[in-house]
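Input: a single structure, listed below in structure tokens.
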Amino acid sequence: MKDVSANTDSKKLAGEAAASLVKSGMVVGLGTGSTVAWTIKKLGLRIEEEGLDFCGIPTSFQAQNLAIQCKIRLTTLDQHPDLDLAIDGADQVDSDLFVVKGGGAAHTREKVVSCSAKKFVVVADESKFVEKLDHDVPVEVLPFAVKLVEKRLKDLGGVPALRLGKMKDGPVITDNGNFVMDVDFGVIDNPKELARRICPIPGVVEHGIFDNLDELYLARSKGVDIIKRKR
Ligand code: A5P
């Protein structure tokens, strides 16, 4: 379980700031995790106070439950395949705005939702921002394929570890019914190339390297910086 007490103020600052991007009439992807939870809560307040009227598409059971609590109208990708905006958290972001996600095992749906959006925004506190990525890469794996995927990830130079449950014996099961491996690749010099090599492994459902971030809302000591993608 992640330490949700650390950086709570910064997470709140970044999360709430991005809620201002949502306008009435939009279809918005709602990410997973403790930072974007602040965005979702703020959107709930805006519905109550301003009559903001938009539809959300949640990326996990966690996001769905929170959105329901906040009285956000929900829809599906089948009904609304083209989103105006997706907002989500991250485990790490580098200076070229490549992202590692999946600390909450939700990266597959998060990728589908963010890739369906015209604009993808990540909210994060400063501890997540690095020059070069060196975070373990979460890889969602079909349970039937675990051994093959493990071998192929090792062939790529990774050290894979099956993610185990905390209040459950055995592996973590994702919202899609699969396993997750956390793969240590050390410093990742070329995230795009690594992503390209993980993708074709049979049994890999999705990896946690994202190259589609448009804007980063980064909470720093003096406030929230908005960093736009240059590449
Ligand atoms: C979910 O699988 C992840 O991609 C989250 O978006 C990420 O772990 C968010 O981290 P925080 O809880 O620190 O916002």
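In the structure tokens, chains take the letters A, B, ... in the order shown, each chain's residues start at 1, and ligands count up from 1 in the order shown.
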
message: When you look at Ile87 in chain A with a cut-off of 10 Å (counting only C-alpha atoms), what residues show up, excluding the ones that are within fewer than 4 positions of it in the same chain? I need them as an MDAnalysis selection string.
response: chainID A and resid 15 18:19 21:22 28:32 36 39:40 110 113:114 117 119:123 213 215:217

request  = Within 6 Å of ligand 1, which residues show up when you count only C-alpha atoms and all ligand atoms? List them as a ChimeraX atom specification, please.
outcome  = /A:32-36,88-91,101-107

Sel. of strand (DSSP E) residues, range 77-176 of chain A, as a PyMOL selection string: chain A and resi 85-88+92-94+99-100+120-125+129-130+137-141+159-162

Among range 27-216 of chain A, which residues does DSSP mark as helix (DSSP H, G or I) when it is run on the backbone? Keep the chain and numbering as in the structure and answer as a PyMOL selection string. chain A and resi 36-50+61-69+107-115+126-128+143-155+191-198

Could you save the residues just selected, with C-alpha atoms, as a compact mmCIF listing (two decimals), in the first residue's frame?
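Contents of part00.txt, freshly written:
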```
# COMPACT_ATOMS: atom_id res chain seq x y z
CA VAL A 36 -6.07 12.81 -9.03
CA ALA A 37 -8.49 11.94 -6.22
CA TRP A 38 -8.16 15.63 -5.27
CA THR A 39 -9.15 16.58 -8.82
CA ILE A 40 -12.22 14.36 -8.65
CA LYS A 41 -13.24 15.78 -5.25
CA LYS A 42 -12.78 19.35 -6.52
CA LEU A 43 -14.92 18.53 -9.56
CA GLY A 44 -17.60 17.27 -7.18
CA LEU A 45 -17.49 20.63 -5.39
CA ARG A 46 -17.73 22.52 -8.68
CA ILE A 47 -20.83 20.50 -9.63
CA GLU A 48 -22.42 21.46 -6.31
CA GLU A 49 -21.36 25.10 -6.23
CA GLU A 50 -21.28 26.17 -9.92
CA PHE A 61 -13.09 0.81 -9.62
CA GLN A 62 -11.41 3.27 -7.24
CA ALA A 63 -12.01 6.22 -9.58
CA GLN A 64 -15.55 5.04 -10.30
CA ASN A 65 -16.48 4.80 -6.62
CA LEU A 66 -15.04 8.21 -5.83
CA ALA A 67 -16.75 9.79 -8.85
CA ILE A 68 -20.10 8.31 -7.76
CA GLN A 69 -19.59 9.70 -4.23
CA HIS A 107 -2.31 1.61 -16.10
CA THR A 108 -4.04 -0.44 -18.80
CA ARG A 109 -7.35 1.37 -18.49
CA GLU A 110 -5.49 4.62 -17.84
CA LYS A 111 -3.66 4.24 -21.14
CA VAL A 112 -6.81 3.40 -23.08
CA VAL A 113 -8.63 6.38 -21.60
CA SER A 114 -5.76 8.87 -21.99
CA CYS A 115 -5.15 7.78 -25.60
CA GLU A 126 7.63 17.44 -7.11
CA SER A 127 8.98 14.13 -5.74
CA LYS A 128 7.76 12.43 -8.93
CA PRO A 143 -1.87 -15.02 -15.81
CA PHE A 144 -1.51 -17.88 -18.33
CA ALA A 145 1.61 -16.21 -19.79
CA VAL A 146 3.50 -15.33 -16.60
CA LYS A 147 6.53 -17.57 -17.16
CA LEU A 148 7.05 -16.57 -20.79
CA VAL A 149 6.67 -12.87 -20.03
CA GLU A 150 9.09 -13.15 -17.10
CA LYS A 151 11.72 -14.75 -19.33
CA ARG A 152 11.30 -12.19 -22.12
CA LEU A 153 11.51 -9.26 -19.67
CA LYS A 154 14.76 -10.71 -18.30
CA ASP A 155 16.05 -11.00 -21.90
CA PRO A 191 11.72 5.02 -22.64
CA LYS A 192 10.23 4.97 -26.13
CA GLU A 193 12.56 2.19 -27.27
CA LEU A 194 11.97 0.17 -24.08
CA ALA A 195 8.21 0.50 -24.57
CA ARG A 196 8.57 -0.64 -28.17
CA ARG A 197 10.40 -3.78 -27.04
CA ILE A 198 7.99 -4.73 -24.22
```

Residues within 8 Å of range 174-189 of chain A, please, as a PDB file with N, CA, C and O atoms, in the first residue's frame. Count only C-alpha atoms; anything in the same chain fewer than 5 positions from it doesn't count.
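Output contents, as saved in selection30.pdb:
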```
ATOM      1  N   SER A  60     -10.766   3.088 -13.206  1.00  0.00           N
ATOM      2  CA  SER A  60     -10.636   1.976 -12.252  1.00  0.00           C
ATOM      3  C   SER A  60     -11.876   1.941 -11.371  1.00  0.00           C
ATOM      4  O   SER A  60     -12.660   2.900 -11.350  1.00  0.00           O
ATOM      5  N   PHE A  61     -12.000   0.868 -10.601  1.00  0.00           N
ATOM      6  CA  PHE A  61     -13.089   0.810  -9.620  1.00  0.00           C
ATOM      7  C   PHE A  61     -12.922   1.933  -8.596  1.00  0.00           C
ATOM      8  O   PHE A  61     -13.889   2.536  -8.147  1.00  0.00           O
ATOM      9  N   ALA A 105      -1.856  -0.354 -10.248  1.00  0.00           N
ATOM     10  CA  ALA A 105      -2.239  -1.451 -11.152  1.00  0.00           C
ATOM     11  C   ALA A 105      -3.374  -1.078 -12.108  1.00  0.00           C
ATOM     12  O   ALA A 105      -4.093  -1.953 -12.592  1.00  0.00           O
ATOM     13  N   ALA A 106      -3.507   0.230 -12.375  1.00  0.00           N
ATOM     14  CA  ALA A 106      -4.624   0.669 -13.224  1.00  0.00           C
ATOM     15  C   ALA A 106      -4.147   1.162 -14.593  1.00  0.00           C
ATOM     16  O   ALA A 106      -4.934   1.731 -15.351  1.00  0.00           O
ATOM     17  N   LYS A 132      15.832  11.597 -15.433  1.00  0.00           N
ATOM     18  CA  LYS A 132      15.653  10.346 -16.199  1.00  0.00           C
ATOM     19  C   LYS A 132      14.843   9.351 -15.378  1.00  0.00           C
ATOM     20  O   LYS A 132      15.066   9.221 -14.167  1.00  0.00           O
ATOM     21  N   LEU A 133      13.978   8.620 -16.042  1.00  0.00           N
ATOM     22  CA  LEU A 133      13.147   7.629 -15.341  1.00  0.00           C
ATOM     23  C   LEU A 133      14.015   6.510 -14.767  1.00  0.00           C
ATOM     24  O   LEU A 133      14.930   6.018 -15.448  1.00  0.00           O
ATOM     25  N   ASP A 134      13.716   6.124 -13.521  1.00  0.00           N
ATOM     26  CA  ASP A 134      14.386   4.929 -12.971  1.00  0.00           C
ATOM     27  C   ASP A 134      13.409   4.124 -12.096  1.00  0.00           C
ATOM     28  O   ASP A 134      13.817   3.299 -11.285  1.00  0.00           O
ATOM     29  N   HIS A 135      12.141   4.394 -12.271  1.00  0.00           N
ATOM     30  CA  HIS A 135      11.100   3.697 -11.499  1.00  0.00           C
ATOM     31  C   HIS A 135      10.860   2.310 -12.111  1.00  0.00           C
ATOM     32  O   HIS A 135      10.970   2.137 -13.327  1.00  0.00           O
ATOM     33  N   ASP A 136      10.538   1.317 -11.273  1.00  0.00           N
ATOM     34  CA  ASP A 136      10.127   0.010 -11.805  1.00  0.00           C
ATOM     35  C   ASP A 136       8.970   0.216 -12.783  1.00  0.00           C
ATOM     36  O   ASP A 136       8.065   1.019 -12.512  1.00  0.00           O
ATOM     37  N   VAL A 137       8.991  -0.529 -13.870  1.00  0.00           N
ATOM     38  CA  VAL A 137       7.919  -0.406 -14.861  1.00  0.00           C
ATOM     39  C   VAL A 137       6.859  -1.490 -14.598  1.00  0.00           C
ATOM     40  O   VAL A 137       7.157  -2.683 -14.708  1.00  0.00           O
ATOM     41  N   PRO A 138       5.637  -1.084 -14.231  1.00  0.00           N
ATOM     42  CA  PRO A 138       4.572  -2.082 -14.059  1.00  0.00           C
ATOM     43  C   PRO A 138       4.143  -2.650 -15.420  1.00  0.00           C
ATOM     44  O   PRO A 138       3.975  -1.898 -16.390  1.00  0.00           O
ATOM     45  N   VAL A 139       4.008  -3.952 -15.464  1.00  0.00           N
ATOM     46  CA  VAL A 139       3.567  -4.609 -16.698  1.00  0.00           C
ATOM     47  C   VAL A 139       2.384  -5.514 -16.341  1.00  0.00           C
ATOM     48  O   VAL A 139       2.530  -6.417 -15.516  1.00  0.00           O
ATOM     49  N   GLU A 140       1.225  -5.246 -16.941  1.00  0.00           N
ATOM     50  CA  GLU A 140       0.061  -6.111 -16.699  1.00  0.00           C
ATOM     51  C   GLU A 140       0.189  -7.338 -17.590  1.00  0.00           C
ATOM     52  O   GLU A 140       0.483  -7.228 -18.785  1.00  0.00           O
ATOM     53  N   VAL A 141      -0.012  -8.516 -16.974  1.00  0.00           N
ATOM     54  CA  VAL A 141       0.293  -9.781 -17.666  1.00  0.00           C
ATOM     55  C   VAL A 141      -0.896 -10.732 -17.561  1.00  0.00           C
ATOM     56  O   VAL A 141      -1.484 -10.896 -16.486  1.00  0.00           O
ATOM     57  N   LEU A 142      -1.194 -11.379 -18.665  1.00  0.00           N
ATOM     58  CA  LEU A 142      -2.186 -12.459 -18.655  1.00  0.00           C
ATOM     59  C   LEU A 142      -1.646 -13.581 -17.751  1.00  0.00           C
ATOM     60  O   LEU A 142      -0.515 -14.040 -17.973  1.00  0.00           O
ATOM     61  N   PRO A 143      -2.403 -14.015 -16.738  1.00  0.00           N
ATOM     62  CA  PRO A 143      -1.872 -15.024 -15.813  1.00  0.00           C
ATOM     63  C   PRO A 143      -1.313 -16.264 -16.513  1.00  0.00           C
ATOM     64  O   PRO A 143      -0.282 -16.809 -16.111  1.00  0.00           O
ATOM     65  N   LEU A 153      11.139 -10.520 -20.339  1.00  0.00           N
ATOM     66  CA  LEU A 153      11.511  -9.260 -19.672  1.00  0.00           C
ATOM     67  C   LEU A 153      12.952  -9.338 -19.180  1.00  0.00           C
ATOM     68  O   LEU A 153      13.704  -8.358 -19.245  1.00  0.00           O
ATOM     69  N   GLY A 157      16.811  -7.265 -20.165  1.00  0.00           N
ATOM     70  CA  GLY A 157      17.668  -6.653 -19.140  1.00  0.00           C
ATOM     71  C   GLY A 157      16.915  -6.249 -17.887  1.00  0.00           C
ATOM     72  O   GLY A 157      17.478  -5.586 -17.004  1.00  0.00           O
ATOM     73  N   GLY A 158      15.649  -6.626 -17.780  1.00  0.00           N
ATOM     74  CA  GLY A 158      14.849  -6.248 -16.611  1.00  0.00           C
ATOM     75  C   GLY A 158      14.909  -7.290 -15.510  1.00  0.00           C
ATOM     76  O   GLY A 158      15.281  -8.442 -15.735  1.00  0.00           O
ATOM     77  N   VAL A 159      14.556  -6.855 -14.309  1.00  0.00           N
ATOM     78  CA  VAL A 159      14.422  -7.780 -13.170  1.00  0.00           C
ATOM     79  C   VAL A 159      12.953  -7.733 -12.746  1.00  0.00           C
ATOM     80  O   VAL A 159      12.531  -6.801 -12.047  1.00  0.00           O
ATOM     81  N   PRO A 160      12.158  -8.700 -13.214  1.00  0.00           N
ATOM     82  CA  PRO A 160      10.724  -8.648 -12.921  1.00  0.00           C
ATOM     83  C   PRO A 160      10.364  -9.266 -11.579  1.00  0.00           C
ATOM     84  O   PRO A 160      10.963 -10.255 -11.168  1.00  0.00           O
ATOM     85  N   ALA A 161       9.396  -8.668 -10.895  1.00  0.00           N
ATOM     86  CA  ALA A 161       8.881  -9.228  -9.641  1.00  0.00           C
ATOM     87  C   ALA A 161       7.360  -9.207  -9.719  1.00  0.00           C
ATOM     88  O   ALA A 161       6.770  -8.157 -10.011  1.00  0.00           O
ATOM     89  N   LEU A 162       6.767 -10.362  -9.485  1.00  0.00           N
ATOM     90  CA  LEU A 162       5.304 -10.434  -9.487  1.00  0.00           C
ATOM     91  C   LEU A 162       4.772  -9.628  -8.304  1.00  0.00           C
ATOM     92  O   LEU A 162       5.237  -9.815  -7.170  1.00  0.00           O
ATOM     93  N   ARG A 163       3.842  -8.706  -8.561  1.00  0.00           N
ATOM     94  CA  ARG A 163       3.318  -7.875  -7.462  1.00  0.00           C
ATOM     95  C   ARG A 163       2.375  -8.717  -6.591  1.00  0.00           C
ATOM     96  O   ARG A 163       1.445  -9.332  -7.111  1.00  0.00           O
ATOM     97  N   LEU A 194      12.319   1.247 -25.033  1.00  0.00           N
ATOM     98  CA  LEU A 194      11.973   0.173 -24.084  1.00  0.00           C
ATOM     99  C   LEU A 194      10.500  -0.214 -24.254  1.00  0.00           C
ATOM    100  O   LEU A 194      10.162  -1.409 -24.311  1.00  0.00           O
TER     101      LEU A 194
END
```

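The shortest atom-to-atom distance to Asp84 in chain A, with only C-alpha atoms taken into account, belongs to A:Cys55 out of A:Met167, A:Cys55, A:Ile72, A:Val99.
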
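Going from CA of Val224 in chain A to CA of Asn7 in chain A covers 13.7 Å.
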
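Computed from the coordinates, the CA of Glu131 in chain A to CA of Ser95 in chain A distance equals 5.2 Å.
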